[in-house]
>>> print(open('upload.cif').read())   # mmCIF, C-alpha atoms and all ligand atoms
data_model
#
loop_
_atom_site.label_atom_id
_atom_site.label_comp_id
_atom_site.auth_asym_id
_atom_site.auth_seq_id
_atom_site.Cartn_x
_atom_site.Cartn_y
_atom_site.Cartn_z
CA MET R 121 7.65 -1.99 -43.75
CA ALA R 122 5.29 -0.05 -41.50
CA ASP R 123 6.94 1.82 -38.64
CA TRP R 124 4.90 1.33 -35.50
CA GLY R 125 7.07 3.77 -33.50
CA LYS R 126 4.19 6.19 -32.79
CA CYS R 127 2.05 3.32 -31.56
CA LEU R 128 4.94 2.27 -29.30
CA ASP R 129 5.22 5.81 -27.89
CA PHE R 130 1.49 5.76 -27.18
CA GLY R 131 1.85 2.35 -25.47
CA VAL R 132 4.64 3.76 -23.28
CA SER R 133 2.50 6.76 -22.30
CA ILE R 134 -0.47 4.61 -21.22
CA ALA R 135 1.86 2.18 -19.39
CA ARG R 136 3.08 5.18 -17.37
CA GLN R 137 -0.52 6.13 -16.51
CA ALA R 138 -1.32 2.55 -15.55
CA ARG R 139 1.74 2.39 -13.27
CA THR R 140 0.34 5.19 -11.10
CA VAL R 141 -2.81 3.10 -10.54
CA VAL R 142 -0.70 0.07 -9.57
CA LEU R 143 1.47 2.13 -7.19
CA ASP R 144 -1.59 3.74 -5.54
CA ALA R 145 -3.13 0.32 -4.90
CA PHE R 146 0.04 -1.55 -3.91
CA GLU R 147 -0.06 -1.00 -0.13
CA ALA R 148 -3.85 -1.04 0.15
CA GLN R 149 -6.05 -3.92 1.29
CA LYS R 150 -7.13 -5.94 -1.77
CA VAL R 151 -10.23 -7.89 -2.68
CA VAL R 152 -8.85 -11.13 -4.12
CA SER R 153 -10.73 -13.62 -6.31
CA LEU R 154 -9.60 -16.99 -7.68
CA LYS R 155 -9.46 -17.96 -11.37
CA THR R 156 -8.24 -21.38 -12.56
CA SER R 157 -6.69 -22.66 -9.31
CA PRO R 158 -6.39 -21.73 -5.62
CA ALA R 159 -3.09 -20.03 -6.56
CA ASP R 160 -4.36 -18.14 -9.64
CA LEU R 161 -5.36 -14.76 -8.19
CA VAL R 162 -7.01 -11.64 -9.53
CA THR R 163 -7.83 -8.28 -7.91
CA GLU R 164 -10.01 -5.33 -8.85
CA THR R 165 -6.82 -3.46 -9.76
CA ASP R 166 -5.93 -6.07 -12.44
CA GLN R 167 -9.35 -5.50 -14.00
CA GLY R 168 -9.22 -1.71 -13.53
CA VAL R 169 -5.79 -1.38 -15.16
CA GLU R 170 -6.79 -3.57 -18.10
CA ASN R 171 -9.95 -1.48 -18.65
CA LEU R 172 -7.91 1.71 -18.49
CA LEU R 173 -5.42 0.45 -21.07
CA ILE R 174 -7.99 -1.01 -23.44
CA SER R 175 -10.29 2.02 -23.39
CA ALA R 176 -7.36 4.38 -24.05
CA ILE R 177 -6.18 2.25 -27.01
CA LYS R 178 -9.73 1.86 -28.40
CA GLU R 179 -10.18 5.61 -28.40
CA LYS R 180 -6.93 6.16 -30.32
CA TYR R 181 -6.99 3.04 -32.55
CA PRO R 182 -10.65 1.97 -32.88
CA THR R 183 -9.95 -0.89 -35.33
CA HIS R 184 -7.25 -2.63 -33.30
CA LYS R 185 -7.92 -5.95 -31.56
CA PHE R 186 -7.04 -7.11 -28.04
CA ILE R 187 -5.97 -10.15 -26.09
CA GLY R 188 -6.09 -9.13 -22.44
CA GLU R 189 -5.60 -11.43 -19.45
CA GLU R 190 -8.68 -10.29 -17.57
CA SER R 191 -10.88 -9.99 -20.70
CA VAL R 192 -10.00 -13.64 -21.47
CA ALA R 193 -10.80 -14.60 -17.86
CA ALA R 194 -14.17 -12.90 -18.41
CA GLY R 195 -14.85 -15.03 -21.52
CA ALA R 196 -13.16 -13.23 -24.48
CA SER R 197 -11.49 -15.50 -27.04
CA PRO R 198 -7.65 -15.38 -27.04
CA VAL R 199 -7.20 -15.96 -30.76
CA LEU R 200 -4.35 -14.15 -32.46
CA THR R 201 -5.28 -13.05 -35.99
CA ASP R 202 -3.33 -11.04 -38.60
CA SER R 203 -5.04 -7.81 -37.45
CA PRO R 204 -3.08 -5.32 -35.34
CA THR R 205 -3.50 -6.77 -31.85
CA TRP R 206 -2.52 -5.51 -28.39
CA ILE R 207 -1.63 -8.33 -26.00
CA ILE R 208 -1.98 -7.05 -22.44
CA ASP R 209 -1.21 -8.25 -18.95
CA PRO R 210 -2.33 -5.41 -16.66
CA ILE R 211 -0.45 -6.80 -13.64
CA ASP R 212 2.03 -9.59 -14.25
CA GLY R 213 2.84 -10.89 -10.80
CA THR R 214 -0.64 -10.63 -9.27
CA THR R 215 0.37 -12.94 -6.40
CA ASN R 216 3.28 -10.58 -5.66
CA PHE R 217 0.86 -7.64 -5.84
CA VAL R 218 -1.53 -9.31 -3.37
CA HIS R 219 1.34 -10.03 -0.94
CA ARG R 220 3.12 -6.70 -1.54
CA PHE R 221 6.20 -8.59 -2.79
CA PRO R 222 7.74 -5.72 -4.75
CA PHE R 223 7.96 -7.15 -8.29
CA VAL R 224 4.96 -6.46 -10.49
CA ALA R 225 4.87 -5.46 -14.13
CA ILE R 226 2.55 -4.08 -16.77
CA SER R 227 3.14 -5.98 -20.00
CA ILE R 228 1.97 -4.66 -23.37
CA ALA R 229 2.84 -6.26 -26.71
CA PHE R 230 1.64 -5.27 -30.16
CA ALA R 231 1.48 -7.82 -32.99
CA VAL R 232 0.65 -7.48 -36.69
CA ASN R 233 0.36 -10.52 -38.97
CA LYS R 234 1.06 -12.57 -35.83
CA GLN R 235 4.49 -10.97 -35.51
CA THR R 236 5.34 -8.91 -32.44
CA GLU R 237 6.23 -5.38 -33.55
CA PHE R 238 6.97 -3.96 -30.12
CA GLY R 239 6.88 -4.88 -26.47
CA ILE R 240 6.74 -2.84 -23.27
CA VAL R 241 7.32 -4.21 -19.77
CA TYR R 242 7.02 -1.70 -16.93
CA SER R 243 8.45 -3.15 -13.71
CA CYS R 244 6.44 -0.82 -11.52
CA MET R 245 8.13 -0.89 -8.13
CA GLU R 246 11.64 -0.77 -9.60
CA ASP R 247 10.57 2.02 -11.99
CA LYS R 248 12.21 0.17 -14.88
CA LEU R 249 10.57 0.61 -18.26
CA TYR R 250 11.76 -2.05 -20.70
CA ARG R 251 10.84 -1.71 -24.36
CA ALA R 252 11.82 -3.14 -27.72
CA GLN R 253 10.75 -2.58 -31.29
CA ARG R 254 11.35 -5.27 -33.90
CA GLY R 255 14.75 -4.68 -35.55
CA LYS R 256 15.44 -1.59 -33.43
CA GLY R 257 16.94 -3.01 -30.23
CA ALA R 258 15.85 -3.27 -26.63
CA PHE R 259 16.17 -0.69 -23.87
CA CYS R 260 15.61 -0.24 -20.15
CA ASN R 261 14.91 3.38 -19.20
CA ASP R 262 16.49 4.30 -22.56
CA ILE R 263 19.72 2.37 -21.89
CA PRO R 264 20.44 -0.28 -24.57
CA LEU R 265 20.15 -3.90 -23.36
CA ARG R 266 22.41 -6.85 -24.10
CA THR R 267 22.09 -10.39 -22.72
CA SER R 268 25.10 -11.90 -20.92
CA GLY R 269 26.00 -13.94 -24.00
CA LEU R 270 26.98 -16.79 -21.65
CA GLU R 271 27.64 -20.11 -23.44
CA ASP R 272 28.64 -22.34 -20.52
CA ILE R 273 25.53 -23.65 -18.77
CA THR R 274 27.50 -24.68 -15.69
CA LYS R 275 28.00 -20.97 -14.98
CA ALA R 276 24.36 -20.01 -15.55
CA LEU R 277 21.93 -18.31 -13.19
CA VAL R 278 18.52 -19.56 -14.35
CA VAL R 279 15.11 -18.08 -13.58
CA THR R 280 11.91 -20.10 -13.54
CA GLU R 281 8.52 -19.89 -11.85
CA ILE R 282 6.45 -22.08 -9.57
CA GLY R 283 3.33 -21.14 -11.54
CA THR R 284 -0.28 -21.66 -10.50
CA GLU R 285 -0.77 -25.41 -11.15
CA ARG R 286 -1.09 -27.51 -8.01
CA ASP R 287 -1.82 -31.00 -9.43
CA ASP R 288 0.62 -33.85 -8.83
CA LEU R 289 1.95 -34.18 -12.39
CA SER R 290 2.67 -30.45 -12.77
CA LEU R 291 4.33 -30.24 -9.36
CA SER R 292 6.48 -33.34 -9.80
CA THR R 293 7.58 -32.18 -13.28
CA LEU R 294 8.39 -28.75 -11.91
CA THR R 295 10.47 -30.04 -9.01
CA SER R 296 12.28 -32.71 -11.02
CA ASN R 297 13.17 -30.08 -13.66
CA ILE R 298 14.73 -27.94 -10.93
CA TYR R 299 16.54 -30.99 -9.53
CA ARG R 300 17.98 -31.99 -12.92
CA LEU R 301 19.14 -28.44 -13.68
CA LEU R 302 20.85 -28.10 -10.30
CA LYS R 303 22.57 -31.46 -10.89
CA ILE R 304 24.17 -30.28 -14.17
CA PRO R 305 25.34 -28.29 -12.03
CA ILE R 306 24.41 -24.63 -12.64
CA HIS R 307 25.17 -21.65 -10.42
CA GLY R 308 21.61 -21.19 -9.18
CA ILE R 309 17.87 -20.91 -9.75
CA ARG R 310 15.67 -17.91 -8.92
CA ALA R 311 11.92 -17.16 -9.09
CA VAL R 312 10.82 -13.53 -9.09
CA GLY R 313 7.06 -14.11 -9.53
CA THR R 314 6.55 -12.33 -12.82
CA ALA R 315 7.38 -13.98 -16.12
CA ALA R 316 7.66 -10.60 -17.85
CA VAL R 317 10.34 -9.38 -15.43
CA ASP R 318 12.07 -12.80 -15.44
CA MET R 319 12.59 -12.48 -19.19
CA CYS R 320 13.68 -8.85 -18.93
CA LEU R 321 16.32 -10.04 -16.44
CA VAL R 322 17.65 -12.32 -19.19
CA ALA R 323 17.59 -9.40 -21.64
CA SER R 324 19.56 -7.22 -19.22
CA ALA R 325 22.13 -9.92 -18.24
CA GLY R 326 20.87 -10.19 -14.65
CA ALA R 327 20.13 -13.84 -15.42
CA ASP R 328 21.32 -16.16 -18.18
CA ALA R 329 18.09 -18.03 -18.91
CA TYR R 330 14.42 -18.37 -18.07
CA TYR R 331 12.19 -21.37 -18.73
CA HIS R 332 8.62 -22.12 -17.78
CA VAL R 333 5.52 -24.08 -18.69
CA GLY R 334 2.07 -22.75 -17.87
CA MET R 335 2.39 -18.98 -18.25
CA HIS R 336 0.18 -17.32 -20.87
CA CYS R 337 0.83 -15.34 -24.05
CA TRP R 338 0.10 -12.03 -22.27
CA ASP R 339 2.79 -12.78 -19.64
CA ILE R 340 5.63 -13.11 -22.17
CA ALA R 341 4.63 -11.60 -25.55
CA ALA R 342 6.38 -8.29 -24.85
CA SER R 343 9.41 -9.72 -23.04
CA ALA R 344 10.06 -12.37 -25.74
CA LEU R 345 10.75 -9.54 -28.19
CA ILE R 346 12.80 -7.68 -25.58
CA VAL R 347 15.02 -10.78 -25.14
CA SER R 348 15.54 -11.32 -28.87
CA GLU R 349 16.22 -7.65 -29.53
CA ALA R 350 18.81 -7.77 -26.71
CA GLY R 351 20.64 -10.55 -28.57
CA GLY R 352 19.15 -13.53 -26.75
CA VAL R 353 17.30 -16.57 -28.07
CA VAL R 354 13.69 -17.57 -27.43
CA HIS R 355 12.63 -21.20 -27.96
CA ASP R 356 9.96 -23.67 -27.10
CA ILE R 357 10.76 -25.65 -23.93
CA SER R 358 11.75 -28.59 -26.17
CA GLY R 359 14.35 -26.40 -27.86
CA GLY R 360 12.15 -26.09 -30.98
CA LYS R 361 10.51 -23.03 -32.47
CA PHE R 362 8.88 -20.63 -30.00
CA ASP R 363 5.09 -20.54 -30.25
CA LEU R 364 3.50 -17.65 -28.37
CA MET R 365 0.24 -19.50 -27.73
CA SER R 366 1.85 -22.74 -26.47
CA ARG R 367 2.44 -21.65 -22.85
CA ARG R 368 6.02 -23.01 -22.96
CA VAL R 369 9.25 -21.07 -23.28
CA ILE R 370 13.00 -20.98 -22.86
CA ALA R 371 14.68 -17.58 -23.17
CA ALA R 372 18.46 -17.63 -22.95
CA SER R 373 21.71 -15.75 -23.41
CA SER R 374 22.81 -18.17 -26.14
CA ARG R 375 21.67 -21.16 -28.18
CA THR R 376 24.05 -23.37 -26.22
CA VAL R 377 22.48 -22.48 -22.88
CA ALA R 378 18.95 -22.88 -24.33
CA ARG R 379 19.91 -26.32 -25.65
CA GLY R 380 21.42 -27.29 -22.29
CA ILE R 381 18.13 -26.47 -20.58
CA ALA R 382 16.02 -28.21 -23.27
CA GLN R 383 18.08 -31.36 -22.72
CA VAL R 384 17.04 -31.73 -19.09
CA VAL R 385 13.63 -30.11 -18.60
CA GLU R 386 10.30 -31.67 -19.42
CA ALA R 387 6.88 -30.15 -19.99
CA PHE R 388 3.64 -31.23 -18.36
CA PRO R 389 0.52 -31.17 -20.56
CA CYS R 390 -0.89 -27.67 -20.72
CA GLU R 391 -3.91 -26.39 -22.61
CA ARG R 392 -2.75 -23.87 -25.23
CA ASP R 393 -4.04 -20.32 -25.10
CA ASP R 394 -5.70 -20.72 -28.50
CA GLY R 395 -7.24 -24.11 -27.63
CA LEU R 396 -5.25 -26.08 -30.27
CA PRO R 397 -3.68 -29.42 -29.19
CA ASP R 398 -0.68 -29.29 -26.84
CA ALA R 399 2.68 -29.26 -28.71
CA ASP R 400 3.87 -32.58 -27.26
CA GLN R 401 0.62 -34.31 -28.13
CA ALA R 402 0.56 -32.83 -31.62
CA ILE R 403 4.09 -33.24 -32.94
CA GLY R 404 6.31 -34.62 -30.20
CA ALA R 405 8.89 -32.47 -28.46
CA LEU R 406 11.03 -30.93 -31.18
CA THR R 407 14.21 -29.00 -31.32
CA GLN R 408 16.45 -27.49 -33.95
CA ARG R 409 19.80 -29.13 -34.60
CA ASP R 410 22.16 -28.53 -37.50
CA GLY R 411 19.39 -26.86 -39.45
CA HIS R 412 16.78 -29.56 -38.81
CA TRP R 413 13.89 -30.11 -36.46
CA VAL R 414 14.57 -33.29 -34.48
CA SER R 415 12.77 -34.97 -31.62
CA ASN R 416 13.90 -33.73 -28.24
CA ASP R 417 14.78 -37.27 -27.12
CA PHE R 418 17.68 -36.99 -29.52
CA LEU R 419 19.15 -34.12 -27.54
CA LYS R 420 18.70 -36.00 -24.28
CA LEU R 421 20.90 -38.89 -25.39
CA PRO R 422 24.46 -38.81 -24.05
CA CYS R 423 25.97 -39.90 -27.40
CA ASP R 424 26.30 -37.93 -30.60
CA LYS R 425 24.65 -40.49 -32.89
CA PRO R 426 21.68 -39.01 -34.77
CA CYS R 427 18.66 -41.09 -33.81
CA GLY R 428 15.95 -38.43 -33.64
CA ILE R 429 13.42 -38.05 -36.41
CA VAL R 430 14.13 -35.20 -38.77
CA ILE R 431 10.82 -33.41 -39.09
CA GLU R 432 11.50 -30.45 -41.28
CA SER R 433 14.49 -28.64 -42.81
CA VAL R 434 14.93 -24.99 -41.99
C1 LIG R 501 1.72 -15.14 -13.62
C2 LIG R 501 3.17 -14.74 -13.52
C3 LIG R 501 3.97 -15.88 -12.92
C4 LIG R 501 3.80 -17.18 -13.67
C5 LIG R 501 2.33 -17.54 -13.78
C6 LIG R 501 1.56 -16.38 -14.43
P1 LIG R 501 -0.14 -13.19 -13.56
O1 LIG R 501 1.01 -14.09 -14.28
O2 LIG R 501 3.72 -14.42 -14.76
O3 LIG R 501 5.33 -15.57 -12.96
O4 LIG R 501 4.43 -18.20 -12.97
O5 LIG R 501 2.22 -18.71 -14.57
O6 LIG R 501 0.21 -16.73 -14.51
O7 LIG R 501 -1.28 -14.11 -13.30
O8 LIG R 501 0.45 -12.65 -12.31
O9 LIG R 501 -0.44 -12.17 -14.59
#
>>> encode(input="upload.cif", output="structure tokens")
Amino acid sequence: MADWGKCLDFGVSIARQARTVVLDAFEAQKVVSLKTSPADLVTETDQGVENLLISAIKEKYPTHKFIGEESVAAGASPVLTDSPTWIIDPIDGTTNFVHRFPFVAISIAFAVNKQTEFGIVYSCMEDKLYRAQRGKGAFCNDIPLRTSGLEDITKALVVTEIGTERDDLSLSTLTSNIYRLLKIPIHGIRAVGTAAVDMCLVASAGADAYYHVGMHCWDIAASALIVSEAGGVVHDISGGKFDLMSRRVIAASSRTVARGIAQVVEAFPCERDDGLPDADQAIGALTQRDGHWVSNDFLKLPCDKPCGIVIESV
């Protein structure tokens, strides 16, 4: 098995350089442009930091590929192949950055054969550098991370995001999901404004779960590995297998908490990052139960009688 440790060290060194650019620009007046919605913002610093990261990596690793948030916004294709690929969000939490709300992160993941080998999330204002390498644990500023391990959803602090969609279906799904979770009841819901940091909070036991529909692969590729290396679980919003390109995720302290969330939240239709059909349209909402993939409706039933369709044994 190849050891990508040197690549990880290089990623950490360029994340540190990029942080200085973010810090220098944080208090300054910004030129803000819109992308997919009136709430989907981008600044010159997002583009500048992405260019800085990509040119540094290209110089060191000329054959490696990239999926970068701002390159995709500029027309690049976000297709993940088996080639070594850097998945980059130069500023996760751009709305926070624009408003000087002090939670913004640089997120860098590295995948080979479509498997994430390492992830780096630099929460710039907090000066917290999260990193994980596959099979080698997760750390924040070199201190090992462990999720809370919480099993009882009624004691959970859950993080989610409001996202950038402003259409009726997305907004009503979002608010009814929050309503249903609070009615379980759970201890509380928080939104920090950066998916990468949200998931690192789960990894470091500051929160017990995070779920969201609508973020992109570059927002969560690094932090998904950080959560699993910290002992957490990462699933699709239906409770099924996590798919990086699907724009749906639950990250949790335990399978039980992930399942509790999957039972009450619903997804609105969302175009995948790779352009393939939406998971719900393609295969129905699936989840894993007793070693099988079953339809999510099964988990939503109050009784224990198996009435979901078994899709595939695992
Ligand atoms: C956004 C953040 C936010 C999430 C949005 C993302 P960006 O990323 O991760 O938490 O709710 O869906 O687009 O645009 O700031 O990199």
>>> closest_atom_pairs(input="upload.cif", of="region 149-202 of chain R", to="region 216-240 of chain R", cutoff="12 Å", atoms="all atoms listed in the file", output="tab-separated table")
residue	atom	partner	partner_atom	distance
R:Gln149	CA	R:Val218	CA	8.4
R:Lys150	CA	R:Val218	CA	6.7
R:Val151	CA	R:Val218	CA	8.8
R:Val152	CA	R:Val218	CA	7.6
R:Ser153	CA	R:Val218	CA	10.6
R:Leu154	CA	R:Val218	CA	11.9
R:Ala159	CA	R:Val218	CA	11.3
R:Asp160	CA	R:Val218	CA	11.2
R:Leu161	CA	R:Val218	CA	8.2
R:Val162	CA	R:Val218	CA	8.6
R:Thr163	CA	R:Val218	CA	7.8
R:Glu164	CA	R:Val218	CA	10.9
R:Thr165	CA	R:Phe217	CA	9.6
R:Asp166	CA	R:Phe217	CA	9.6
R:Val169	CA	R:Ile226	CA	8.9
R:Glu170	CA	R:Ile226	CA	9.4
R:Leu173	CA	R:Ile228	CA	9.3
R:Ile174	CA	R:Ile228	CA	10.6
R:Ile177	CA	R:Ile228	CA	11.3
R:His184	CA	R:Phe230	CA	9.8
R:Lys185	CA	R:Phe230	CA	9.7
R:Phe186	CA	R:Phe230	CA	9.1
R:Ile187	CA	R:Ala229	CA	9.7
R:Gly188	CA	R:Ile228	CA	9.3
R:Glu189	CA	R:Ser227	CA	10.3
R:Val199	CA	R:Lys234	CA	10.3
R:Leu200	CA	R:Lys234	CA	6.6
R:Thr201	CA	R:Lys234	CA	6.4
R:Asp202	CA	R:Asn233	CA	3.7
>>> closest_atom_pairs(input="upload.cif", of="chain R", to="ligand LIG 501 (chain R)", cutoff="9 Å", atoms="only C-alpha atoms and all ligand atoms", output="JSON lines")
{"residue": "R:Asp160", "atom": "CA", "partner": "R:LIG501", "partner_atom": "O7", "distance": 6.3}
{"residue": "R:Leu161", "atom": "CA", "partner": "R:LIG501", "partner_atom": "O7", "distance": 6.6}
{"residue": "R:Val162", "atom": "CA", "partner": "R:LIG501", "partner_atom": "O7", "distance": 7.3}
{"residue": "R:Asp166", "atom": "CA", "partner": "R:LIG501", "partner_atom": "O9", "distance": 8.5}
{"residue": "R:Glu189", "atom": "CA", "partner": "R:LIG501", "partner_atom": "O9", "distance": 7.1}
{"residue": "R:Glu190", "atom": "CA", "partner": "R:LIG501", "partner_atom": "O9", "distance": 9.0}
{"residue": "R:Asp209", "atom": "CA", "partner": "R:LIG501", "partner_atom": "O9", "distance": 5.9}
{"residue": "R:Pro210", "atom": "CA", "partner": "R:LIG501", "partner_atom": "O9", "distance": 7.3}
{"residue": "R:Ile211", "atom": "CA", "partner": "R:LIG501", "partner_atom": "O9", "distance": 5.5}
{"residue": "R:Asp212", "atom": "CA", "partner": "R:LIG501", "partner_atom": "O9", "distance": 3.6}
{"residue": "R:Gly213", "atom": "CA", "partner": "R:LIG501", "partner_atom": "O8", "distance": 3.3}
{"residue": "R:Thr214", "atom": "CA", "partner": "R:LIG501", "partner_atom": "O8", "distance": 3.8}
{"residue": "R:Thr215", "atom": "CA", "partner": "R:LIG501", "partner_atom": "O8", "distance": 5.9}
{"residue": "R:Asn216", "atom": "CA", "partner": "R:LIG501", "partner_atom": "O8", "distance": 7.5}
{"residue": "R:Phe217", "atom": "CA", "partner": "R:LIG501", "partner_atom": "O8", "distance": 8.2}
{"residue": "R:Val224", "atom": "CA", "partner": "R:LIG501", "partner_atom": "O8", "distance": 7.9}
{"residue": "R:Ala225", "atom": "CA", "partner": "R:LIG501", "partner_atom": "O9", "distance": 8.6}
{"residue": "R:Ile226", "atom": "CA", "partner": "R:LIG501", "partner_atom": "O9", "distance": 8.9}
{"residue": "R:Ser227", "atom": "CA", "partner": "R:LIG501", "partner_atom": "O9", "distance": 9.0}
{"residue": "R:Thr280", "atom": "CA", "partner": "R:LIG501", "partner_atom": "O4", "distance": 7.7}
{"residue": "R:Glu281", "atom": "CA", "partner": "R:LIG501", "partner_atom": "O4", "distance": 4.6}
{"residue": "R:Ile282", "atom": "CA", "partner": "R:LIG501", "partner_atom": "O4", "distance": 5.5}
{"residue": "R:Gly283", "atom": "CA", "partner": "R:LIG501", "partner_atom": "O4", "distance": 3.4}
{"residue": "R:Thr284", "atom": "CA", "partner": "R:LIG501", "partner_atom": "O5", "distance": 5.6}
{"residue": "R:Glu285", "atom": "CA", "partner": "R:LIG501", "partner_atom": "O5", "distance": 8.1}
{"residue": "R:Ala311", "atom": "CA", "partner": "R:LIG501", "partner_atom": "O3", "distance": 7.8}
{"residue": "R:Val312", "atom": "CA", "partner": "R:LIG501", "partner_atom": "O3", "distance": 7.0}
{"residue": "R:Gly313", "atom": "CA", "partner": "R:LIG501", "partner_atom": "O3", "distance": 4.1}
{"residue": "R:Thr314", "atom": "CA", "partner": "R:LIG501", "partner_atom": "O3", "distance": 3.5}
{"residue": "R:Ala315", "atom": "CA", "partner": "R:LIG501", "partner_atom": "O2", "distance": 3.9}
{"residue": "R:Ala316", "atom": "CA", "partner": "R:LIG501", "partner_atom": "O2", "distance": 6.3}
{"residue": "R:Val317", "atom": "CA", "partner": "R:LIG501", "partner_atom": "O3", "distance": 8.3}
{"residue": "R:Asp318", "atom": "CA", "partner": "R:LIG501", "partner_atom": "O3", "distance": 7.7}
{"residue": "R:His332", "atom": "CA", "partner": "R:LIG501", "partner_atom": "O4", "distance": 7.5}
{"residue": "R:Val333", "atom": "CA", "partner": "R:LIG501", "partner_atom": "O5", "distance": 7.5}
{"residue": "R:Gly334", "atom": "CA", "partner": "R:LIG501", "partner_atom": "O5", "distance": 5.2}
{"residue": "R:Met335", "atom": "CA", "partner": "R:LIG501", "partner_atom": "O5", "distance": 3.7}
{"residue": "R:His336", "atom": "CA", "partner": "R:LIG501", "partner_atom": "O6", "distance": 6.4}
{"residue": "R:Trp338", "atom": "CA", "partner": "R:LIG501", "partner_atom": "O9", "distance": 7.7}
{"residue": "R:Asp339", "atom": "CA", "partner": "R:LIG501", "partner_atom": "O2", "distance": 5.2}
{"residue": "R:Ile340", "atom": "CA", "partner": "R:LIG501", "partner_atom": "O2", "distance": 7.8}
{"residue": "R:Arg367", "atom": "CA", "partner": "R:LIG501", "partner_atom": "O5", "distance": 8.8}
>>> atom_distance(input="upload.cif", atom1="CA of Ser374 (chain R)", atom2="CA of Val347 (chain R)")
10.8 Å
>>> closest_residue(input="upload.cif", among="R:Ala350, R:Ile381, R:Met245, R:Ile357", to="Thr274 (chain R)", atoms="all atoms listed in the file")
R:Ile381
>>> atom_distance(input="upload.cif", atom1="CA of Phe388 (chain R)", atom2="CA of Arg286 (chain R)")
12.0 Å
>>> closest_residue(input="upload.cif", among="R:Gly255, R:Cys320, R:Tyr250, R:Ala194", to="Asp123 (chain R)", atoms="all atoms listed in the file")
R:Gly255
>>> closest_residue(input="upload.cif", among="R:Ser358, R:Thr267, R:Thr205, R:Ser366", to="Cys337 (chain R)", atoms="only C-alpha atoms")
R:Ser366
>>> atom_distance(input="upload.cif", atom1="CA of Asp328 (chain R)", atom2="CA of Ala276 (chain R)")
5.6 Å
>>> residues_around(input="upload.cif", residues="Trp124 (chain R)", least_positions_apart="2", cutoff="9 Å", atoms="all atoms listed in the file", output="list in words")
Ala122, Lys126, Cys127, Leu128, Asp129, Glu237, Phe238 and Gln253 of chain R
>>> closest_residue(input="upload.cif", among="R:Ala327, R:Ala342, R:Leu291, R:Ala138", to="Ile208 (chain R)", atoms="only C-alpha atoms")
R:Ala342
>>> residues_around(input="upload.cif", residues="Ser197 (chain R)", least_positions_apart="5", cutoff="9 Å", atoms="all atoms listed in the file", output="PDB file with C-alpha atoms, in the frame of the given file")
ATOM      1  CA  ILE R 187      -5.970 -10.150 -26.090  1.00  0.00           C
ATOM      2  CA  SER R 191     -10.880  -9.990 -20.700  1.00  0.00           C
ATOM      3  CA  VAL R 192     -10.000 -13.640 -21.470  1.00  0.00           C
ATOM      4  CA  ASP R 394      -5.700 -20.720 -28.500  1.00  0.00           C
TER       5      ASP R 394
END
>>> closest_residue(input="upload.cif", among="R:Ala176, R:Ala193, R:Val385, R:Arg251", to="Ile298 (chain R)", atoms="only C-alpha atoms")
R:Val385
>>> closest_residue(input="upload.cif", among="R:Val142, R:Ala371, R:Leu172, R:Val278", to="Ser243 (chain R)", atoms="all atoms listed in the file")
R:Val142
>>> decode(input="upload.cif", residues="region 243-250 of chain R", atoms="N, CA, C and O atoms", output="PDB file, in the first residue's frame")
ATOM      1  N   SER R 243      -9.133  25.322  10.023  1.00  0.00           N
ATOM      2  CA  SER R 243     -10.107  26.309  10.496  1.00  0.00           C
ATOM      3  C   SER R 243      -9.304  27.570  10.831  1.00  0.00           C
ATOM      4  O   SER R 243      -8.653  27.665  11.880  1.00  0.00           O
ATOM      5  N   CYS R 244      -9.332  28.513   9.893  1.00  0.00           N
ATOM      6  CA  CYS R 244      -8.314  29.580   9.870  1.00  0.00           C
ATOM      7  C   CYS R 244      -8.348  30.489  11.089  1.00  0.00           C
ATOM      8  O   CYS R 244      -7.313  30.779  11.667  1.00  0.00           O
ATOM      9  N   MET R 245      -9.526  30.978  11.465  1.00  0.00           N
ATOM     10  CA  MET R 245      -9.579  31.963  12.538  1.00  0.00           C
ATOM     11  C   MET R 245      -9.279  31.321  13.898  1.00  0.00           C
ATOM     12  O   MET R 245      -8.715  31.949  14.780  1.00  0.00           O
ATOM     13  N   GLU R 246      -9.680  30.059  14.040  1.00  0.00           N
ATOM     14  CA  GLU R 246      -9.421  29.342  15.302  1.00  0.00           C
ATOM     15  C   GLU R 246      -7.991  28.811  15.361  1.00  0.00           C
ATOM     16  O   GLU R 246      -7.573  28.304  16.397  1.00  0.00           O
ATOM     17  N   ASP R 247      -7.280  28.869  14.240  1.00  0.00           N
ATOM     18  CA  ASP R 247      -5.949  28.260  14.117  1.00  0.00           C
ATOM     19  C   ASP R 247      -5.965  26.785  14.539  1.00  0.00           C
ATOM     20  O   ASP R 247      -5.131  26.327  15.321  1.00  0.00           O
ATOM     21  N   LYS R 248      -6.947  26.061  14.000  1.00  0.00           N
ATOM     22  CA  LYS R 248      -7.028  24.623  14.267  1.00  0.00           C
ATOM     23  C   LYS R 248      -6.780  23.885  12.960  1.00  0.00           C
ATOM     24  O   LYS R 248      -7.548  24.054  11.996  1.00  0.00           O
ATOM     25  N   LEU R 249      -5.729  23.095  12.933  1.00  0.00           N
ATOM     26  CA  LEU R 249      -5.427  22.322  11.729  1.00  0.00           C
ATOM     27  C   LEU R 249      -5.801  20.858  11.977  1.00  0.00           C
ATOM     28  O   LEU R 249      -5.153  20.169  12.765  1.00  0.00           O
ATOM     29  N   TYR R 250      -6.891  20.450  11.341  1.00  0.00           N
ATOM     30  CA  TYR R 250      -7.353  19.062  11.440  1.00  0.00           C
ATOM     31  C   TYR R 250      -6.739  18.283  10.276  1.00  0.00           C
ATOM     32  O   TYR R 250      -6.673  18.795   9.151  1.00  0.00           O
TER      33      TYR R 250
END
